[in-house]
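Peer 1: My structure is in target.txt, and what it holds is compact mmCIF, C-alpha atoms:
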```txt
# COMPACT_ATOMS: atom_id res chain seq x y z
CA MET W 15 -106.44 52.69 12.40
CA SER W 16 -106.02 49.35 10.77
CA LYS W 17 -109.73 49.20 10.09
CA SER W 18 -109.67 52.47 8.16
CA SER W 19 -106.53 51.39 6.29
CA ARG W 20 -108.23 48.04 5.56
CA THR W 21 -111.28 49.91 4.27
CA ALA W 22 -109.04 52.15 2.18
CA ALA W 23 -107.22 49.13 0.78
CA ARG W 24 -110.52 47.40 -0.04
CA ASN W 25 -111.82 50.54 -1.74
CA ARG W 26 -108.63 50.89 -3.78
CA LEU W 27 -108.89 47.25 -4.80
CA ARG W 28 -112.52 47.66 -5.74
CA GLU W 29 -111.75 50.76 -7.83
CA GLU W 30 -108.87 48.97 -9.50
CA ARG W 31 -111.04 45.96 -10.33
CA ALA W 32 -113.82 48.20 -11.61
CA ARG W 33 -111.35 50.06 -13.82
CA GLN W 34 -109.95 46.83 -15.20
CA ALA W 35 -113.42 45.45 -15.77
CA ARG W 36 -114.45 48.61 -17.59
CA ARG W 37 -111.38 48.55 -19.78
CA ALA W 38 -111.84 44.85 -20.53
CA ARG W 39 -115.47 45.48 -21.47
CA GLN W 40 -114.55 48.39 -23.73
CA ILE W 41 -111.93 46.31 -25.50
CA ARG W 42 -114.43 43.49 -25.91
CA GLN W 43 -117.10 45.76 -27.31
CA LEU W 44 -114.63 47.36 -29.70
CA THR W 45 -113.43 43.94 -30.85
CA ILE W 46 -116.97 42.74 -31.45
CA SER W 47 -117.86 45.87 -33.37
CA LEU W 48 -114.75 45.54 -35.52
CA ALA W 49 -115.52 41.87 -36.10
CA GLY W 50 -119.02 42.82 -37.19
CA VAL W 51 -117.74 45.46 -39.58
CA ALA W 52 -115.19 42.95 -40.94
CA VAL W 53 -117.97 40.47 -41.65
CA VAL W 54 -119.89 43.11 -43.57
CA ALA W 55 -116.76 44.16 -45.48
CA ILE W 56 -116.17 40.55 -46.55
CA VAL W 57 -119.76 40.18 -47.69
CA VAL W 58 -119.56 43.40 -49.72
CA THR W 59 -116.29 42.31 -51.31
CA ILE W 60 -117.93 39.07 -52.40
CA GLY W 61 -120.67 41.16 -53.94
CA LEU W 62 -118.26 43.32 -55.87
CA VAL W 63 -116.42 40.26 -57.18
CA VAL W 64 -119.73 38.94 -58.46
CA ALA W 65 -120.37 42.35 -59.95
CA SER W 66 -117.13 42.49 -61.90
CA ARG W 67 -118.24 39.40 -63.80
CA ASP W 68 -121.68 40.81 -64.43
CA THR W 69 -120.76 44.22 -65.77
CA GLU W 70 -119.49 42.96 -69.09
CA LYS W 71 -121.43 44.56 -71.89
CA SER W 72 -122.14 42.35 -74.83
CA GLU W 73 -121.00 44.09 -77.97
CA TYR W 74 -121.36 42.37 -81.28
CA THR W 75 -119.61 43.69 -84.34
CA GLY W 76 -119.87 40.67 -86.59
CA SER W 77 -122.09 40.32 -89.62
CA LEU W 78 -125.81 40.34 -89.08
CA PRO W 79 -128.34 37.91 -90.53
CA PRO W 80 -131.08 39.22 -92.83
CA VAL W 81 -133.52 41.79 -91.49
CA SER W 82 -137.12 41.95 -92.61
CA LYS W 83 -139.54 44.77 -91.84
CA GLU W 84 -143.01 43.36 -91.28
CA SER W 85 -146.28 45.07 -92.11
CA ASP W 86 -147.27 45.40 -88.46
CA GLY W 87 -144.17 47.48 -87.74
CA SER W 88 -142.11 44.74 -86.15
CA VAL W 89 -138.63 43.97 -87.44
CA VAL W 90 -137.35 40.40 -87.76
CA LEU W 91 -133.68 39.51 -87.40
CA ALA W 92 -133.09 35.85 -88.24
CA ALA W 93 -130.68 33.66 -90.15
CA ALA W 94 -132.09 31.98 -93.25
CA GLY W 95 -134.50 29.17 -92.42
CA VAL W 96 -134.56 29.88 -88.68
CA THR W 97 -138.16 29.99 -87.44
CA GLY W 98 -137.63 29.32 -83.75
CA PRO W 99 -137.20 29.86 -80.87
CA VAL W 100 -138.77 33.32 -81.18
CA LEU W 101 -137.59 36.17 -78.97
CA ASP W 102 -139.97 39.15 -79.02
CA VAL W 103 -138.35 42.34 -77.80
CA PHE W 104 -140.87 45.05 -76.87
CA GLU W 105 -138.95 48.25 -76.27
CA ASP W 106 -139.21 52.03 -76.36
CA PHE W 107 -136.38 54.20 -77.72
CA GLN W 108 -136.84 56.81 -74.98
CA CYS W 109 -136.96 54.31 -72.11
CA PRO W 110 -133.79 54.46 -69.98
CA ILE W 111 -133.92 50.88 -68.83
CA CYS W 112 -134.36 49.75 -72.44
CA LYS W 113 -131.09 51.52 -73.15
CA GLU W 114 -129.56 49.65 -70.21
CA PHE W 115 -130.96 46.40 -71.58
CA GLU W 116 -129.60 47.05 -75.07
CA GLU W 117 -126.17 47.95 -73.66
CA ARG W 118 -125.99 44.77 -71.62
CA SER W 119 -127.75 42.18 -73.75
CA GLY W 120 -128.29 43.76 -77.16
CA GLY W 121 -125.07 42.45 -78.64
CA ALA W 122 -125.61 38.97 -77.22
CA ILE W 123 -129.03 38.78 -78.85
CA GLN W 124 -127.65 39.88 -82.22
CA ARG W 125 -124.86 37.32 -81.97
CA LEU W 126 -127.32 34.53 -81.17
CA ALA W 127 -129.43 35.55 -84.15
CA ALA W 128 -126.34 35.53 -86.38
CA GLU W 129 -125.48 32.04 -85.10
CA GLY W 130 -128.94 30.88 -86.11
CA ARG W 131 -129.88 30.07 -82.51
CA VAL W 132 -132.86 32.42 -82.27
CA LYS W 133 -135.30 34.48 -84.34
CA VAL W 134 -135.40 37.99 -82.89
CA VAL W 135 -138.45 40.17 -83.45
CA TYR W 136 -138.02 43.80 -82.43
CA HIS W 137 -141.19 45.70 -81.54
CA PRO W 138 -140.19 49.33 -81.03
CA PHE W 139 -143.23 51.23 -79.79
CA VAL W 140 -144.34 54.15 -77.61
CA VAL W 141 -145.02 53.07 -74.02
CA PHE W 142 -145.05 56.53 -72.41
CA ALA W 143 -148.26 58.45 -71.92
CA GLN W 144 -146.76 61.65 -70.54
CA GLU W 145 -144.64 64.33 -72.17
CA PRO W 146 -141.96 64.96 -73.08
CA MET W 147 -141.15 61.24 -73.19
CA ARG W 148 -144.08 60.39 -75.41
CA SER W 149 -143.20 62.79 -78.21
CA ASN W 150 -139.50 61.98 -78.04
CA SER W 151 -140.30 58.30 -78.28
CA LEU W 152 -142.80 58.75 -81.11
CA ARG W 153 -140.34 60.77 -83.20
CA ALA W 154 -137.64 58.12 -82.78
CA ALA W 155 -139.88 55.12 -83.48
CA THR W 156 -141.32 56.88 -86.53
CA ALA W 157 -137.82 57.59 -87.85
CA ALA W 158 -136.80 53.96 -87.30
CA ARG W 159 -139.61 52.91 -89.67
CA CYS W 160 -137.94 54.97 -92.39
CA ALA W 161 -134.64 53.11 -92.13
CA PRO W 162 -133.88 50.49 -94.80
CA GLU W 163 -133.59 46.88 -93.72
CA ASP W 164 -129.86 46.53 -94.25
CA ARG W 165 -129.12 49.49 -91.95
CA TRP W 166 -132.00 49.05 -89.52
CA VAL W 167 -130.15 47.30 -86.66
CA ASP W 168 -127.27 49.78 -86.86
CA TYR W 169 -129.71 52.72 -86.72
CA HIS W 170 -131.59 51.08 -83.84
CA ASP W 171 -128.35 50.71 -81.85
CA ARG W 172 -127.37 54.33 -82.53
CA LEU W 173 -130.74 55.58 -81.35
CA TYR W 174 -130.23 53.89 -78.00
CA ALA W 175 -126.67 55.14 -77.72
CA ALA W 176 -127.91 58.70 -78.32
CA GLN W 177 -130.92 58.45 -76.01
CA PRO W 178 -131.77 61.84 -74.47
CA PRO W 179 -132.68 62.23 -70.77
CA GLU W 180 -136.36 61.50 -70.14
CA GLN W 181 -137.23 65.04 -69.13
CA ARG W 182 -135.67 66.72 -72.16
CA SER W 183 -138.36 68.43 -74.18
CA GLY W 184 -137.60 68.10 -77.90
CA GLY W 185 -135.24 65.18 -77.38
CA PHE W 186 -134.72 63.02 -80.49
CA SER W 187 -135.36 66.05 -82.70
CA VAL W 188 -135.97 65.29 -86.39
CA GLU W 189 -132.63 66.85 -87.29
CA GLN W 190 -130.82 64.65 -84.79
CA LEU W 191 -132.70 61.62 -86.13
CA VAL W 192 -131.64 62.43 -89.71
CA GLU W 193 -128.06 62.99 -88.53
CA LEU W 194 -127.99 59.64 -86.75
CA GLY W 195 -129.22 58.04 -89.96
CA GLU W 196 -126.31 59.56 -91.86
CA GLN W 197 -123.92 58.17 -89.23
CA ALA W 198 -125.48 54.76 -89.83
CA GLY W 199 -124.81 55.07 -93.54
CA ILE W 200 -128.34 56.10 -94.54
CA GLY W 201 -127.78 59.18 -96.68
CA SER W 202 -130.74 59.03 -99.06
CA ARG W 203 -133.04 61.99 -99.53
CA ALA W 204 -136.01 59.63 -99.23
CA PHE W 205 -134.99 58.68 -95.72
CA ALA W 206 -134.42 62.30 -94.69
CA SER W 207 -137.83 63.44 -95.93
CA CYS W 208 -139.52 60.38 -94.42
CA VAL W 209 -138.06 61.33 -91.04
CA ARG W 210 -138.70 65.07 -91.34
CA GLU W 211 -142.31 64.60 -92.36
CA GLN W 212 -142.80 61.97 -89.66
CA ARG W 213 -144.89 60.08 -92.18
CA GLU W 214 -144.99 56.84 -90.28
CA ALA W 215 -146.28 58.35 -87.02
CA PRO W 216 -149.92 57.13 -87.28
CA GLY W 217 -148.66 53.60 -87.92
CA VAL W 218 -146.51 53.73 -84.80
CA VAL W 219 -149.42 54.98 -82.72
CA ARG W 220 -151.66 52.14 -84.00
CA GLN W 221 -148.94 49.58 -83.34
CA SER W 222 -148.40 50.94 -79.82
CA GLN W 223 -152.11 50.76 -79.03
CA ARG W 224 -152.22 47.18 -80.22
CA ILE W 225 -149.15 46.18 -78.21
CA ILE W 226 -150.41 47.77 -74.99
CA GLY W 227 -154.01 46.68 -75.48
CA ARG W 228 -154.15 43.32 -77.22
CA GLU W 229 -150.67 42.00 -76.55
CA ASN W 230 -150.88 43.06 -72.94
CA VAL W 231 -147.38 44.43 -72.69
CA PRO W 232 -147.35 46.41 -69.41
CA GLY W 233 -144.00 48.13 -69.66
CA THR W 234 -140.61 48.12 -71.29
CA PRO W 235 -138.42 46.36 -71.84
CA THR W 236 -140.53 43.22 -72.13
CA LEU W 237 -138.94 40.09 -73.54
CA ARG W 238 -140.97 37.05 -74.54
CA LEU W 239 -139.35 33.77 -75.50
CA ASN W 240 -141.81 31.62 -77.46
CA GLY W 241 -144.57 33.68 -75.90
CA ARG W 242 -143.31 33.30 -72.30
CA THR W 243 -142.38 36.58 -70.62
CA LEU W 244 -138.81 36.57 -69.30
CA GLU W 245 -138.01 38.18 -65.93
CA SER W 246 -136.00 41.40 -66.04
CA ASP W 247 -133.11 39.81 -64.17
CA VAL W 248 -132.78 37.36 -67.08
CA ALA W 249 -133.20 40.07 -69.71
CA LEU W 250 -130.45 42.19 -68.16
CA ALA W 251 -127.97 39.31 -67.86
CA PRO W 252 -126.63 38.16 -71.27
CA GLU W 253 -125.36 34.85 -69.88
CA ARG W 254 -128.74 33.89 -68.48
CA LEU W 255 -130.46 35.07 -71.65
CA ARG W 256 -128.15 32.85 -73.66
CA GLU W 257 -129.03 29.96 -71.34
CA GLU W 258 -132.76 30.45 -71.70
CA ILE W 259 -132.53 30.69 -75.47
CA GLY W 260 -130.31 27.60 -75.53
CA LYS W 261 -132.89 25.64 -73.52
CA ALA W 262 -135.70 26.76 -75.80
CA ASP W 263 -133.61 25.97 -78.86
CA SER W 264 -132.86 22.39 -77.85
CA SER W 265 -136.46 21.62 -77.01
CA SER W 266 -137.85 22.90 -80.32
CA MET Q 18 -143.24 59.24 -4.20
CA ALA Q 19 -139.57 58.27 -4.49
CA ALA Q 20 -140.48 54.59 -4.25
CA VAL Q 21 -142.95 54.92 -7.15
CA GLU Q 22 -140.37 56.66 -9.35
CA VAL Q 23 -137.86 53.92 -8.72
CA ARG Q 24 -140.44 51.30 -9.72
CA ARG Q 25 -141.29 53.12 -12.98
CA SER Q 26 -137.70 53.55 -14.17
CA GLY Q 27 -137.05 49.99 -13.06
CA ARG Q 28 -139.81 48.72 -15.34
CA LEU Q 29 -138.47 50.69 -18.30
CA ALA Q 30 -135.00 49.36 -17.60
CA LEU Q 31 -136.43 45.84 -17.55
CA ALA Q 32 -138.36 46.38 -20.80
CA GLN Q 33 -135.49 47.97 -22.73
CA PRO Q 34 -133.66 44.73 -23.72
CA TRP Q 35 -136.94 43.40 -25.13
CA LEU Q 36 -137.68 46.64 -26.96
CA THR Q 37 -134.24 46.66 -28.52
CA LEU Q 38 -134.70 43.02 -29.48
CA GLY Q 39 -137.93 43.92 -31.25
CA ALA Q 40 -136.36 46.89 -33.04
CA ARG Q 41 -133.35 44.79 -33.99
CA VAL Q 42 -135.41 41.98 -35.50
CA LEU Q 43 -137.71 44.39 -37.32
CA LEU Q 44 -134.78 46.27 -38.84
CA ALA Q 45 -133.08 43.00 -39.77
CA GLY Q 46 -136.26 41.84 -41.48
CA VAL Q 47 -136.86 44.99 -43.51
CA ILE Q 48 -133.24 45.62 -44.51
CA GLY Q 49 -132.62 41.93 -45.11
CA TYR Q 50 -135.64 41.61 -47.35
CA ALA Q 51 -134.59 44.71 -49.32
CA GLY Q 52 -131.12 43.26 -49.82
CA TYR Q 53 -132.49 39.84 -50.76
CA ALA Q 54 -134.85 41.36 -53.34
CA LYS Q 55 -132.02 43.37 -54.89
CA VAL Q 56 -129.60 40.46 -54.96
CA GLN Q 57 -132.02 38.61 -57.26
CA ASN Q 58 -131.44 41.22 -59.95
CA LEU Q 59 -128.05 42.88 -59.54
CA PRO Q 60 -128.05 44.72 -62.90
CA LEU Q 61 -131.38 46.29 -61.97
CA SER Q 62 -129.97 47.36 -58.62
CA ALA Q 63 -127.02 48.95 -60.39
CA PHE Q 64 -129.41 50.66 -62.80
CA ALA Q 65 -131.51 52.01 -59.93
CA VAL Q 66 -128.49 53.64 -58.29
CA LYS Q 67 -127.45 55.12 -61.64
CA ALA Q 68 -130.95 56.52 -62.11
CA TYR Q 69 -130.48 58.77 -59.07
CA GLN Q 70 -127.74 60.56 -61.01
CA LEU Q 71 -125.88 61.46 -57.84
CA LEU Q 72 -122.70 59.48 -58.41
CA PRO Q 73 -120.42 59.13 -61.43
CA GLU Q 74 -121.65 56.24 -63.53
CA ARG Q 75 -118.92 53.72 -62.69
CA ILE Q 76 -119.12 54.37 -58.98
CA ALA Q 77 -122.92 54.24 -59.08
CA GLU Q 78 -122.73 50.87 -60.78
CA LEU Q 79 -120.36 49.47 -58.14
CA ALA Q 80 -122.49 50.92 -55.37
CA GLY Q 81 -125.53 49.28 -56.93
CA TYR Q 82 -123.80 45.93 -56.91
CA GLY Q 83 -122.37 46.24 -53.40
CA LEU Q 84 -125.45 47.62 -51.71
CA PRO Q 85 -127.54 44.41 -51.61
CA PHE Q 86 -124.68 42.53 -49.98
CA LEU Q 87 -124.13 45.33 -47.48
CA GLU Q 88 -127.82 45.18 -46.60
CA LEU Q 89 -127.74 41.39 -46.21
CA GLY Q 90 -124.57 41.51 -44.09
CA VAL Q 91 -125.91 44.18 -41.74
CA ALA Q 92 -129.27 42.43 -41.48
CA GLY Q 93 -127.48 39.25 -40.47
CA LEU Q 94 -125.52 41.07 -37.77
CA LEU Q 95 -128.68 42.65 -36.40
CA LEU Q 96 -130.56 39.37 -36.42
CA LEU Q 97 -127.82 37.66 -34.43
CA GLY Q 98 -127.21 40.68 -32.23
CA PHE Q 99 -123.52 40.61 -33.08
CA GLY Q 100 -121.82 44.02 -33.08
CA THR Q 101 -125.30 45.46 -32.62
CA ARG Q 102 -124.29 49.06 -32.08
CA ALA Q 103 -121.95 49.10 -35.11
CA ALA Q 104 -124.56 47.43 -37.31
CA ALA Q 105 -127.24 49.89 -36.20
CA VAL Q 106 -124.94 52.81 -36.93
CA ILE Q 107 -124.27 51.46 -40.44
CA VAL Q 108 -128.00 51.02 -41.06
CA ALA Q 109 -128.69 54.54 -39.80
CA GLY Q 110 -126.02 55.88 -42.16
CA LEU Q 111 -127.54 54.00 -45.09
CA LEU Q 112 -131.00 55.31 -44.31
CA VAL Q 113 -129.74 58.89 -44.12
CA ILE Q 114 -128.21 58.41 -47.59
CA PHE Q 115 -131.42 56.86 -48.95
CA ILE Q 116 -133.57 59.68 -47.61
CA GLY Q 117 -131.15 62.25 -49.02
CA GLY Q 118 -131.22 60.50 -52.39
CA ILE Q 119 -135.01 60.44 -52.56
CA VAL Q 120 -135.27 64.10 -51.53
CA SER Q 121 -132.73 65.05 -54.18
CA VAL Q 122 -134.53 63.10 -56.89
CA TRP Q 123 -137.89 64.48 -55.84
CA ALA Q 124 -136.57 68.04 -55.93
CA ARG Q 125 -135.10 67.56 -59.39
CA GLY Q 126 -138.31 66.05 -60.71
CA LEU Q 127 -136.70 62.82 -61.83
CA SER Q 128 -138.88 59.76 -62.12
CA ILE Q 129 -137.17 56.63 -60.88
CA ASP Q 130 -138.85 53.58 -62.29
CA CYS Q 131 -137.59 50.07 -62.49
CA GLY Q 132 -139.12 49.90 -65.91
CA CYS Q 133 -140.94 52.24 -68.24
CA PHE Q 134 -144.69 52.21 -68.04
CA GLY Q 135 -147.47 53.91 -69.92
CA GLY Q 136 -150.74 54.94 -68.35
CA GLY Q 137 -151.63 58.46 -67.32
CA GLY Q 138 -150.52 60.07 -64.13
CA ALA Q 139 -147.24 58.25 -63.82
CA VAL Q 140 -145.51 61.43 -62.66
CA ALA Q 141 -148.09 62.08 -59.97
CA ALA Q 142 -147.83 58.48 -58.80
CA GLY Q 143 -144.04 58.85 -58.63
CA GLN Q 144 -144.30 61.86 -56.37
CA THR Q 145 -146.65 60.11 -54.00
CA ARG Q 146 -144.30 57.18 -53.78
CA TYR Q 147 -141.40 59.46 -52.86
CA LEU Q 148 -143.20 60.78 -49.80
CA GLU Q 149 -144.15 57.30 -48.65
CA GLU Q 150 -140.59 56.11 -49.04
CA ILE Q 151 -139.19 59.06 -47.12
CA LEU Q 152 -141.63 58.51 -44.24
CA ARG Q 153 -140.90 54.80 -44.16
CA ASP Q 154 -137.15 55.37 -44.16
CA ALA Q 155 -137.47 58.03 -41.44
CA GLY Q 156 -139.31 55.54 -39.23
CA LEU Q 157 -136.62 52.94 -39.81
CA LEU Q 158 -133.98 55.58 -39.06
CA ALA Q 159 -135.60 56.24 -35.68
CA LEU Q 160 -135.51 52.50 -34.93
CA ALA Q 161 -131.88 52.23 -35.99
CA ALA Q 162 -130.94 55.22 -33.84
CA ALA Q 163 -132.68 53.63 -30.86
CA VAL Q 164 -130.80 50.37 -31.33
CA ALA Q 165 -127.54 52.29 -31.68
CA ILE Q 166 -128.17 54.20 -28.45
CA TRP Q 167 -129.43 51.17 -26.47
CA PRO Q 168 -127.77 48.13 -28.07
CA ARG Q 169 -128.21 45.78 -25.12
CA ALA Q 170 -130.88 43.25 -26.00
CA LYS Q 171 -132.22 39.82 -25.21
CA PHE Q 172 -130.99 36.88 -27.27
CA SER Q 173 -127.94 38.55 -28.75
CA VAL Q 174 -124.51 37.15 -29.46
CA ASP Q 175 -123.12 40.33 -27.87
CA SER Q 176 -124.69 39.49 -24.50
CA LEU Q 177 -123.48 35.87 -24.69
CA VAL Q 178 -119.90 37.05 -24.94
CA GLU Q 179 -120.33 39.53 -22.06
CA VAL Q 180 -121.98 37.00 -19.72
CA ASP Q 181 -119.20 34.44 -20.18
CA LEU Q 182 -116.48 36.87 -19.19
CA GLU Q 183 -118.49 38.48 -16.38
CA ALA Q 184 -119.07 35.09 -14.73
CA ALA Q 185 -115.31 34.82 -14.07
CA GLU Q 186 -115.21 38.05 -12.06
CA PRO Q 187 -117.40 37.32 -8.99
CA SER Q 188 -115.07 34.46 -7.92
CA THR Q 189 -112.00 36.70 -8.02
CA GLU Q 190 -113.99 39.26 -6.06
CA ALA Q 191 -114.82 36.67 -3.40
CA ALA Q 192 -111.19 35.61 -3.14
CA THR Q 193 -110.01 39.19 -2.71
CA GLU Q 194 -112.69 39.80 -0.07
CA ALA Q 195 -111.36 36.81 1.89
CA VAL Q 196 -107.82 38.21 1.78
CA ALA Q 197 -108.93 41.70 2.91
CA GLU Q 198 -111.02 40.36 5.82
CA PRO Q 199 -109.50 37.13 7.20
CA SER Q 200 -112.07 36.74 10.00
CA THR Q 201 -115.59 37.86 9.17
CA GLY Q 202 -116.68 38.15 12.74
CA GLU Q 203 -114.01 40.62 13.71
CA ARG Q 204 -115.02 44.24 13.80
CA GLN Q 205 -111.75 45.80 14.80
CA SER Q 206 -108.25 44.59 15.22
```
Once more with this new file: its structure as C-alpha cells, please.
Peer 2:
Amino acid sequence: MSKSSRTAARNRLREERARQARRARQIRQLTISLAGVAVVAIVVTIGLVVASRDTEKSEYTGSLPPVSKESDGSVVLAAAGVTGPVLDVFEDFQCPICKEFEERSGGAIQRLAAEGRVKVVYHPFVVFAQEPMRSNSLRAATAARCAPEDRWVDYHDRLYAAQPPEQRSGGFSVEQLVELGEQAGIGSRAFASCVREQREAPGVVRQSQRIIGRENVPGTPTLRLNGRTLESDVALAPERLREEIGKADSSS
Amino acid sequence: MAAVEVRRSGRLALAQPWLTLGARVLLAGVIGYAGYAKVQNLPLSAFAVKAYQLLPERIAELAGYGLPFLELGVAGLLLLGFGTRAAAVIVAGLLVIFIGGIVSVWARGLSIDCGCFGGGGAVAAGQTRYLEEILRDAGLLALAAAVAIWPRAKFSVDSLVEVDLEAAEPSTEAATEAVAEPSTGERQS
C-alpha cells in the first residue's frame, strides 16, 4: 500500500517538476527571443536616426556664377578666376540615379561653385545603348545644347526634375523639352526650332562616344575631382562631397 | 533492425547541433556582409529600395536606410546564437520579401541598376541576374527555415543560458529522491 502511494507521490512530484521545468524553459526562451528582437529594434532605430540626417536634399536658390558652354559640349560653372579644383560631372538626363544624385548633391555643388570653392564641369551625354532610354536621353541632351548659357543650369535642373521613367517610349518628347525651356525662361523661337529639329544630335553622339571610349567613363553618374573618380557614396552625400572638395581646394 | 534504427537517428540527433551551427554561421556571414556593404552607402541603399517601386517613396527611403542595420543586427544575433529562432524567423521573412520584390520587378520588366551603364544587352544581363538572385535567396531561405525549426546549436549564447539553469535542477531532484525514499535498501515498508 505505502509502496504504491510512495510511487504515486514520486510520480506526481516528477510530473510537477517536469511541468515547472518546461514552463521555466519556455519563459526563458521567450525572454531570450524578445531580448534578441529588442537588440535588432535598437540597431534599426540607430540606423533611422542616421538616415534622418542624411535625407536632406541640397537645394540652392542663390545666384549662380558664370556659365560657359565649351566647344566639346561640356558646360563650365565657375566663379571668375576660379580654375581649380575641377569637378567633372558625367551624367545622363535619362539616368534615374543621376536624378537621385542631382536631387541630393546638385544644389550643394552649385553653391560651392558660387562660393568660388570649385570649378564644375558638366558633361551631359548618352550612356544608354538600349531603347527607349537611348532616344529619350539623346533628345534631352540635344535640347540642353540649345539652351543659352544664362539659363542653362536652370534648364538642366528642370530636365532632371521632369525625368520620365526609363521604360517610357517617347519620354522627353521635343514638345515637352520646348515646354520645359519656356518654364526656365527660354522663350525664343531660335531655341524652339533648335530643339524641334534636334540639330545638335550628331554632336551629342560624338561627345558620348568620346566620353565612353577615350575618357573611360563606365557609367553614370561619374564624378571626378581633379581627375580622381569619387565613389558613389561620396557623390550621393553632399556633406562628404563638400569635404572632399574642401580638401582638394586647400591643397591646390 | 530496431537497434540499427536507433543508432541512425541517434547519429542525426548528434549531428544536428553542428549542422545548425554551420547554417547559422553561413547565414550570419551572408546577411552580415550584405548589411555591411549597404551601410557603406546608405543613399544608394535607399535608392535601390525606391527603384523597386513597391512602396511609397518616403517609406521606401526609410526602409532603404533601416534595412542595412536590420541585416547587421540579425547577423550579429545569428553569429552569437542569441535568440536564434527569432533571428532565423526574421531572416526568413526578409528573404521572402526580397524574393517577392525580385519576382515583381522581373515581371514588370524593370531594370534595377545601381548606376546607369551603356553597352549592349544590359536588359538581357538584368534578367539573368534576377534568376540568380532568386535562386540564391531561395537557398538562404531554406537554411533560415532549418535554423528556425532546429535552433539548438553548438557554441550559442542560447545554450549557455540553458545549461546554467539546468545544472541547478539535478541537485533538487536528488534531494527530493532522498525525501521520497529514506532508506534505499528497503523494498517495502
Peer 1: Extract, using only C-alpha atoms, all DNA, RNA and protein residues at most 8 Å from Val100 in chain W, discarding same-chain residues fewer than 4 positions from it, and format them as a list in words.
Peer 2: Val132, Lys133, Val134, Val135, Arg238, Leu239, Asn240 and Gly241 of chain W
Peer 1: Closest to chain Q among W:Ala92, W:Val188, W:Ile200, W:Val248, using only C-alpha atoms?
Peer 2: W:Val248
Peer 1: As a ChimeraX atom specification, could you give me every residue of chain W near chain Q (at most 8 Å apart, counting all atoms listed in the file)?
Peer 2: /W:16-17,20,23-24,39,43,46-51,53-55,57-62,65,68-69,109-111,114,141-144,181,232-235,246-247,250-251
Peer 1: Extract, using only C-alpha atoms, all DNA, RNA and protein residues at most 9 Å from Asp164 in chain W, discarding same-chain residues fewer than 6 positions from it, and format them as a PyMOL selection string.
Peer 2: chain W and resi 80-82
Peer 1: Work out how far apart CA of Leu91 in chain W and CA of Ala128 in chain W are and give it in Å to one decimal.
Peer 2: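 One can read the CA of Leu91 in chain W to CA of Ala128 in chain W distance as 8.4 Å.
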Peer 1: Report, in Å with one decimal, the straight-line distance from CA of Glu84 in chain W to CA of Ala122 in chain W.
Peer 2: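 Value for the CA of Glu84 in chain W-CA of Ala122 in chain W distance: 22.8 Å.
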